[in-house]
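What follows is the content of work_33.cif (mmCIF, C-alpha atoms).
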```
data_start
#
loop_
_atom_site.label_atom_id
_atom_site.label_comp_id
_atom_site.auth_asym_id
_atom_site.auth_seq_id
_atom_site.Cartn_x
_atom_site.Cartn_y
_atom_site.Cartn_z
CA MET A 7 68.18 83.54 156.03
CA ALA A 8 68.33 87.20 156.91
CA ASP A 9 66.51 89.57 154.60
CA SER A 10 65.21 86.79 152.44
CA ASP A 11 61.77 88.34 152.64
CA LYS A 12 63.06 91.07 150.33
CA VAL A 13 63.61 88.56 147.55
CA ARG A 14 60.83 87.15 145.43
CA LEU A 15 61.28 84.31 143.00
CA ARG A 16 58.73 83.15 140.48
CA LEU A 17 58.97 79.81 138.76
CA PRO A 18 56.52 77.82 136.68
CA SER A 19 54.21 75.69 138.82
CA THR A 20 55.30 72.46 137.20
CA ILE A 21 58.79 71.57 136.11
CA LYS A 22 59.73 68.44 134.20
CA ALA A 23 63.19 66.91 134.11
CA GLY A 24 65.23 68.41 131.29
CA ASP A 25 63.12 71.54 130.96
CA VAL A 26 64.76 74.88 130.41
CA VAL A 27 62.99 76.85 133.10
CA GLN A 28 62.60 80.60 133.18
CA VAL A 29 62.88 82.20 136.60
CA ARG A 30 61.93 85.73 137.52
CA ALA A 31 63.70 87.21 140.49
CA LEU A 32 63.08 90.48 142.26
CA VAL A 33 64.75 92.14 145.23
CA LEU A 34 63.41 95.13 147.08
CA HIS A 35 66.32 97.54 147.00
CA PRO A 36 66.63 101.33 146.58
CA MET A 37 69.44 101.14 143.96
CA GLU A 38 70.67 104.63 144.85
CA ARG A 39 71.39 106.84 141.88
CA VAL A 40 74.51 108.89 141.40
CA GLU A 41 74.13 112.37 142.83
CA ARG A 42 75.89 115.34 141.29
CA ASP A 43 76.84 118.78 142.51
CA ALA A 44 75.93 122.02 140.72
CA GLN A 45 78.84 121.57 138.32
CA GLY A 46 77.67 118.12 137.36
CA ARG A 47 80.49 116.33 139.12
CA ILE A 48 79.67 113.08 140.83
CA ILE A 49 79.54 113.38 144.59
CA GLN A 50 81.91 110.71 145.85
CA LYS A 51 80.21 108.60 148.45
CA ASN A 52 79.13 105.08 148.90
CA TYR A 53 76.10 104.58 146.76
CA ASN A 54 74.12 101.63 147.93
CA TYR A 55 73.08 99.51 145.00
CA VAL A 56 73.03 95.87 144.04
CA ASN A 57 76.16 95.10 142.05
CA LYS A 58 76.08 91.34 141.91
CA VAL A 59 73.44 88.67 141.47
CA ILE A 60 74.51 85.06 141.73
CA VAL A 61 72.41 82.07 140.72
CA THR A 62 73.47 78.69 142.05
CA TYR A 63 71.83 75.42 141.05
CA LEU A 64 72.87 72.09 142.57
CA GLY A 65 75.83 73.85 144.18
CA LYS A 66 77.23 75.26 140.94
CA THR A 67 77.09 78.88 139.88
CA ILE A 68 75.26 78.81 136.57
CA LEU A 69 74.73 82.49 136.05
CA SER A 70 75.64 85.84 137.50
CA PHE A 71 74.85 89.46 136.83
CA ASP A 72 77.31 92.30 137.45
CA THR A 73 75.28 95.44 137.59
CA SER A 74 75.72 99.19 137.82
CA GLN A 75 73.30 101.87 138.90
CA GLY A 76 71.83 101.58 135.41
CA VAL A 77 69.55 98.92 136.80
CA ALA A 78 66.17 100.06 138.07
CA GLU A 79 65.04 100.40 141.64
CA ASN A 80 63.72 97.14 143.09
CA PRO A 81 65.64 95.33 140.40
CA PHE A 82 63.99 92.56 138.49
CA PHE A 83 65.98 89.95 136.63
CA SER A 84 65.01 86.93 134.64
CA PHE A 85 67.12 84.03 133.55
CA THR A 86 66.83 80.37 132.65
CA PHE A 87 68.36 77.16 133.86
CA ARG A 88 68.21 73.58 132.64
CA ALA A 89 66.47 71.47 135.29
CA THR A 90 68.59 68.34 135.22
CA ALA A 91 67.99 67.03 138.74
CA PRO A 92 65.92 67.89 141.80
CA GLY A 93 67.75 70.17 144.18
CA PRO A 94 68.21 73.70 145.44
CA LEU A 95 68.24 76.78 143.24
CA LYS A 96 69.61 79.77 145.10
CA VAL A 97 69.50 83.40 144.03
CA GLU A 98 71.75 85.80 145.94
CA PHE A 99 71.86 89.58 145.67
CA LEU A 100 74.88 91.50 146.99
CA ASP A 101 74.96 95.26 147.39
CA THR A 102 77.73 97.81 147.80
CA SER A 103 77.09 98.30 151.51
CA GLY A 104 77.71 94.67 152.34
CA GLY A 105 74.04 93.70 152.21
CA ARG A 106 73.19 90.20 151.16
CA PHE A 107 69.72 89.01 150.21
CA GLU A 108 69.00 85.51 149.12
CA ARG A 109 66.29 82.97 148.58
CA THR A 110 66.46 79.29 147.81
CA VAL A 111 63.80 77.16 146.19
CA ASP A 112 63.81 73.41 145.97
CA ILE A 113 63.38 72.27 142.42
CA LYS A 114 61.10 69.26 142.31
CA PHE A 115 59.82 67.42 139.28
CA SER A 116 56.19 66.67 138.72
CA MET B 13 95.25 111.27 174.37
CA SER B 14 96.34 113.68 177.07
CA GLY B 15 97.65 112.76 180.47
CA MET B 16 99.53 109.71 179.42
CA THR B 17 102.33 109.07 181.82
CA ASP B 18 103.12 105.44 181.39
CA GLU B 19 105.13 104.26 178.42
CA SER B 20 103.37 100.88 178.26
CA GLN B 21 99.96 102.47 178.41
CA MET B 22 100.92 104.73 175.56
CA THR B 23 102.05 101.78 173.51
CA ARG B 24 98.84 99.99 174.24
CA ARG B 25 96.78 102.97 173.25
CA ALA B 26 98.80 103.51 170.15
CA ALA B 27 98.34 99.87 169.25
CA LEU B 28 94.59 100.06 169.83
CA GLY B 29 94.41 103.24 167.82
CA ALA B 30 96.28 101.63 164.99
CA LEU B 31 93.92 98.67 165.08
CA GLY B 32 90.97 100.98 164.98
CA ALA B 33 92.41 102.84 162.04
CA LEU B 34 92.96 99.56 160.27
CA GLY B 35 89.36 98.63 160.83
CA VAL B 36 88.21 101.95 159.46
CA ALA B 37 90.51 101.64 156.49
CA ALA B 38 89.27 98.16 155.75
CA ALA B 39 85.66 99.22 156.01
CA GLY B 40 86.41 102.31 153.96
CA GLY B 41 87.99 100.33 151.19
CA PHE B 42 84.91 98.20 151.00
CA VAL B 43 82.24 100.77 151.53
CA MET B 44 83.43 104.17 150.41
CA GLY B 45 83.25 103.51 146.74
CA ALA B 46 86.60 105.00 145.84
CA PRO B 47 87.02 103.86 142.24
CA ALA B 48 90.34 102.17 142.83
CA THR B 49 89.29 99.95 145.69
CA ALA B 50 85.60 99.18 145.72
CA ARG B 51 84.65 96.02 143.91
CA ALA B 52 81.50 97.82 142.91
CA GLN B 53 82.88 100.59 140.79
CA VAL B 54 85.01 98.59 138.43
CA LEU B 55 82.45 98.06 135.68
CA GLY B 56 80.12 101.01 136.01
CA LEU B 57 82.09 104.19 135.40
CA ASN B 58 81.06 107.70 134.46
CA GLU B 59 82.48 107.90 130.95
CA SER B 60 81.55 108.02 127.30
CA VAL B 61 80.17 104.94 125.59
CA GLN B 62 83.32 104.76 123.44
CA GLU B 63 85.40 104.52 126.59
CA THR B 64 83.11 101.85 127.98
CA MET B 65 83.32 99.76 124.82
CA LYS B 66 87.08 100.17 124.72
CA ARG B 67 87.41 99.18 128.36
CA LEU B 68 85.17 96.13 128.03
CA PHE B 69 86.32 94.82 124.68
CA GLY B 70 89.57 96.58 123.82
CA ASP B 71 90.25 96.44 120.10
CA ARG B 72 88.55 93.10 119.52
CA PRO B 73 86.37 93.02 116.42
CA ILE B 74 82.65 93.11 117.10
CA LYS B 75 80.41 91.47 114.52
CA ASP B 76 76.89 92.30 113.62
CA GLY B 77 74.66 90.06 115.70
CA GLU B 78 71.30 90.58 113.99
CA ALA B 79 71.13 86.93 112.92
CA LEU B 80 71.70 85.41 116.34
CA VAL B 81 70.94 88.00 118.99
CA LYS B 82 67.27 88.68 119.58
CA VAL B 83 66.64 91.74 121.66
CA ASP B 84 63.38 92.78 123.20
CA PHE B 85 63.91 96.48 123.86
CA PRO B 86 60.87 98.74 123.92
CA PRO B 87 60.97 101.30 121.07
CA ILE B 88 59.49 103.87 123.42
CA ALA B 89 60.08 103.91 127.15
CA GLU B 90 57.61 106.18 128.84
CA ASN B 91 59.42 106.01 132.13
CA GLY B 92 63.19 105.82 131.94
CA SER B 93 63.38 104.66 135.56
CA VAL B 94 62.00 101.25 134.72
CA VAL B 95 62.65 99.89 131.25
CA PRO B 96 62.04 96.17 130.87
CA ILE B 97 64.43 94.53 128.45
CA SER B 98 65.38 91.02 127.51
CA VAL B 99 67.95 89.42 125.26
CA THR B 100 68.06 85.91 123.84
CA VAL B 101 71.03 84.62 121.90
CA ASP B 102 70.66 81.65 119.59
CA SER B 103 73.16 79.16 121.01
CA PRO B 104 73.30 75.42 121.68
CA MET B 105 74.56 76.14 125.22
CA THR B 106 76.75 73.06 125.33
CA PRO B 107 80.18 73.03 127.00
CA ALA B 108 81.71 73.19 123.51
CA SER B 109 79.73 76.20 122.36
CA TYR B 110 77.84 78.54 124.60
CA VAL B 111 77.37 82.20 125.26
CA LYS B 112 79.71 83.32 128.03
CA ASN B 113 78.56 86.86 128.58
CA ILE B 114 75.78 89.20 127.62
CA TYR B 115 76.54 92.90 128.11
CA ILE B 116 74.00 95.68 128.14
CA VAL B 117 75.33 99.15 127.36
CA ALA B 118 73.23 102.30 127.12
CA ASP B 119 74.95 104.89 124.92
CA LYS B 120 73.41 107.97 126.47
CA ASN B 121 73.56 106.97 130.12
CA ARG B 122 76.24 108.84 131.98
CA ILE B 123 77.33 105.46 133.28
CA PRO B 124 76.88 103.49 130.04
CA PHE B 125 77.65 100.07 131.49
CA VAL B 126 74.38 98.60 132.74
CA THR B 127 74.95 94.93 133.33
CA ARG B 128 77.05 91.96 132.37
CA VAL B 129 75.51 88.53 132.59
CA THR B 130 77.93 85.63 132.93
CA LEU B 131 76.44 82.33 131.85
CA ALA B 132 77.38 78.69 132.16
CA PRO B 133 76.10 76.01 129.76
CA GLU B 134 73.79 74.83 132.56
CA ALA B 135 71.70 77.95 132.05
CA GLY B 136 70.17 76.04 129.15
CA ARG B 137 69.43 79.11 127.10
CA ALA B 138 71.38 82.29 126.51
CA PHE B 139 68.72 84.53 127.94
CA MET B 140 68.63 87.49 130.27
CA GLY B 141 65.95 89.91 131.34
CA ALA B 142 66.14 92.95 133.60
CA ASN B 143 64.54 96.25 134.38
CA ILE B 144 67.02 98.98 133.62
CA ARG B 145 67.25 102.76 133.72
CA LEU B 146 67.72 105.01 130.73
CA GLY B 147 68.67 108.66 131.12
CA GLU B 148 67.57 109.83 127.70
CA THR B 149 66.75 108.72 124.18
CA GLY B 150 69.60 106.84 122.60
CA ASP B 151 70.94 103.55 121.43
CA LEU B 152 70.86 100.54 123.67
CA ARG B 153 73.35 97.80 122.86
CA ALA B 154 73.41 94.12 123.63
CA ILE B 155 76.75 92.45 123.12
CA ALA B 156 77.04 88.69 123.35
CA GLU B 157 80.39 87.06 123.90
CA GLN B 158 80.49 83.45 122.76
CA SER B 159 82.72 80.82 124.33
CA ASP B 160 85.11 81.03 121.37
CA GLY B 161 85.51 84.76 121.99
CA THR B 162 83.34 86.00 119.13
CA LEU B 163 81.54 89.22 119.95
CA LEU B 164 78.13 89.91 118.46
CA MET B 165 76.35 93.19 118.86
CA VAL B 166 72.84 94.45 118.26
CA LYS B 167 71.80 98.08 118.72
CA ARG B 168 68.35 99.58 119.00
CA GLU B 169 67.23 103.09 119.62
CA VAL B 170 64.97 103.51 122.62
CA LYS B 171 63.02 106.73 122.91
CA VAL B 172 62.73 107.89 126.49
CA THR B 173 59.89 110.20 127.44
CA VAL B 174 60.94 110.80 131.05
CA GLY B 175 64.57 110.15 131.90
CA GLY B 176 65.36 107.80 134.71
CA CYS B 177 68.91 108.36 135.79
CA GLY B 178 68.34 111.46 137.85
CA GLY B 179 71.08 113.90 138.92
#
```
Can the structure from this file be put into structure tokens for me?
Amino acid sequence: MADSDKVRLRLPSTIKAGDVVQVRALVLHPMERVERDAQGRIIQKNYNYVNKVIVTYLGKTILSFDTSQGVAENPFFSFTFRATAPGPLKVEFLDTSGGRFERTVDIKFS
Amino acid sequence: MSGMTDESQMTRRAALGALGALGVAAAGGFVMGAPATARAQVLGLNESVQETMKRLFGDRPIKDGEALVKVDFPPIAENGSVVPISVTVDSPMTPASYVKNIYIVADKNRIPFVTRVTLAPEAGRAFMGANIRLGETGDLRAIAEQSDGTLLMVKREVKVTVGGCGG
């Protein structure tokens, strides 16, 4: 998938069925800050920042983040999911300029 | 558009021009970030924290969440550009009772809304972590919305040595 090399996911090395697993996800993204003119007014333009993160497990959206520019550059998120069955876990990042970054890992039990 | 002699050619050009304009308008609506149209700007607005709270929760009562909401906010953030935070809410996370949303609001940020996490019971635990930005020293709030609509809030002051919101 395009731009998937910008996304990093970290999961525990072993996952057992039924575990609540913590995932750490990072995307390389500038998260442009609001710029202001001399009077302190916001300059209206398209600021490019990630405004949505969607986590899908076994085809169902289990979690999403709606974010503003109050999230740091190269945003890092962590979340949990309950590993009920082997299958794909997908993390998708969408930005305000139409960019889409995603990575999928196959959850396997050991 | 000079030198047009033929009526049909004119129509064709006009039609093409209109199509082009439509394309631009569509792209503009998506990309330009005009508050009314862009999906992006709906939650994060430049406003006071009171306005943010009002917009997000209206007049709904917000209870003290100290018993259930555990926040991990640093008391001192040396660099406001990257402030690691996490929030865990004590919840069974079953379809009958789970935490629907966790909001993070920074009182002193010029755009107080930071993030809203929407959870399903499959998340297993009402937990979120993120690296956020803080402009200056002030309260940071975590508000959890349970599936029955109860709102629980916890506030902590975070001291910021170097602000991170720029401009």
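Pairwise distance (CA of Thr100 (chain B), CA of Gly176 (chain B)) equals 24.6 Å.
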Tell me as an MDAnalysis selection string which residues belonging to chain A come within 6 Å of chain B, counting only C-alpha atoms.
chainID A and resid 26 41:42 51:52 68:74 76:78 82:88 103
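Taking CA of Gly65 (chain A) and CA of Ala108 (chain B) as endpoints, the distance between them is 21.5 Å.
Between Ala79 (chain B) and the residues B:Ser103, B:Asn91, B:Thr173, B:Ser109, the shortest atom-to-atom distance, using all atoms listed in the file, involves B:Ser103.
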Interatomic distance, CA of Arg14 (chain A) to CA of Arg30 (chain A) (Å, one decimal):
8.1 Å
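Take the candidates A:Leu17, A:Ala44, A:Ala23, A:Val59 and check each one against Arg106 (chain A) using only C-alpha atoms; the shortest distance goes to A:Val59.
Counting all atoms listed in the file and comparing A:Ile48, A:Asp43, A:Lys22, A:Ile60, the residue that lies closest to Phe107 (chain A) is A:Ile60.
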What residues come out when you apply the PyMOL selection byres ((chain A and resi 95) around 6) to this file, written as a PDB file with C-alpha atoms, keeping the file's coordinate frame?
```
ATOM      1  CA  THR A  62      73.470  78.690 142.050  1.00  0.00           C
ATOM      2  CA  TYR A  63      71.830  75.420 141.050  1.00  0.00           C
ATOM      3  CA  PRO A  94      68.210  73.700 145.440  1.00  0.00           C
ATOM      4  CA  LYS A  96      69.610  79.770 145.100  1.00  0.00           C
ATOM      5  CA  THR A 110      66.460  79.290 147.810  1.00  0.00           C
ATOM      6  CA  VAL A 111      63.800  77.160 146.190  1.00  0.00           C
TER       7      VAL A 111
END
```
To test the calculation: enclose all listed atoms of region 74-91 of chain B in a box whose edges run along x, y and z, add 6 Å on each side, then state centre and edge lengths in Å to one decimal, as lines of an AutoDock Vina configuration file.
```
center_x = 70.1
center_y = 95.8
center_z = 122.5
size_x = 37.0
size_y = 32.8
size_z = 31.2
```
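Note on the selection: in this file the PyMOL selection byres ((chain B and resi 73) around 12) comes out as Met65, Lys66, Phe69, Gly70, Asp71, Arg72, Ile74, Lys75, Asp76, Ile155, Glu157, Gly161, Thr162, Leu163, Leu164 and Met165 of chain B.
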With C-alpha atoms kept, could you save the residues just selected as a compact mmCIF listing (two decimals), in the coordinates of the input?
```txt
# COMPACT_ATOMS: atom_id res chain seq x y z
CA MET B 65 83.32 99.76 124.82
CA LYS B 66 87.08 100.17 124.72
CA PHE B 69 86.32 94.82 124.68
CA GLY B 70 89.57 96.58 123.82
CA ASP B 71 90.25 96.44 120.10
CA ARG B 72 88.55 93.10 119.52
CA ILE B 74 82.65 93.11 117.10
CA LYS B 75 80.41 91.47 114.52
CA ASP B 76 76.89 92.30 113.62
CA ILE B 155 76.75 92.45 123.12
CA GLU B 157 80.39 87.06 123.90
CA GLY B 161 85.51 84.76 121.99
CA THR B 162 83.34 86.00 119.13
CA LEU B 163 81.54 89.22 119.95
CA LEU B 164 78.13 89.91 118.46
CA MET B 165 76.35 93.19 118.86
```
From the list A:Val61, A:Val97, A:Ala89, A:Val13, which residue is nearest His35 (chain A) when using all atoms listed in the file?
A:Val13
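Selecting by distance to (57.0, 68.0, 141.4) with a limit of 9 Å and using all atoms listed in the file, one obtains Ser19, Thr20, Ile21, Lys22, Pro92, Ile113, Lys114, Phe115 and Ser116 of chain A.
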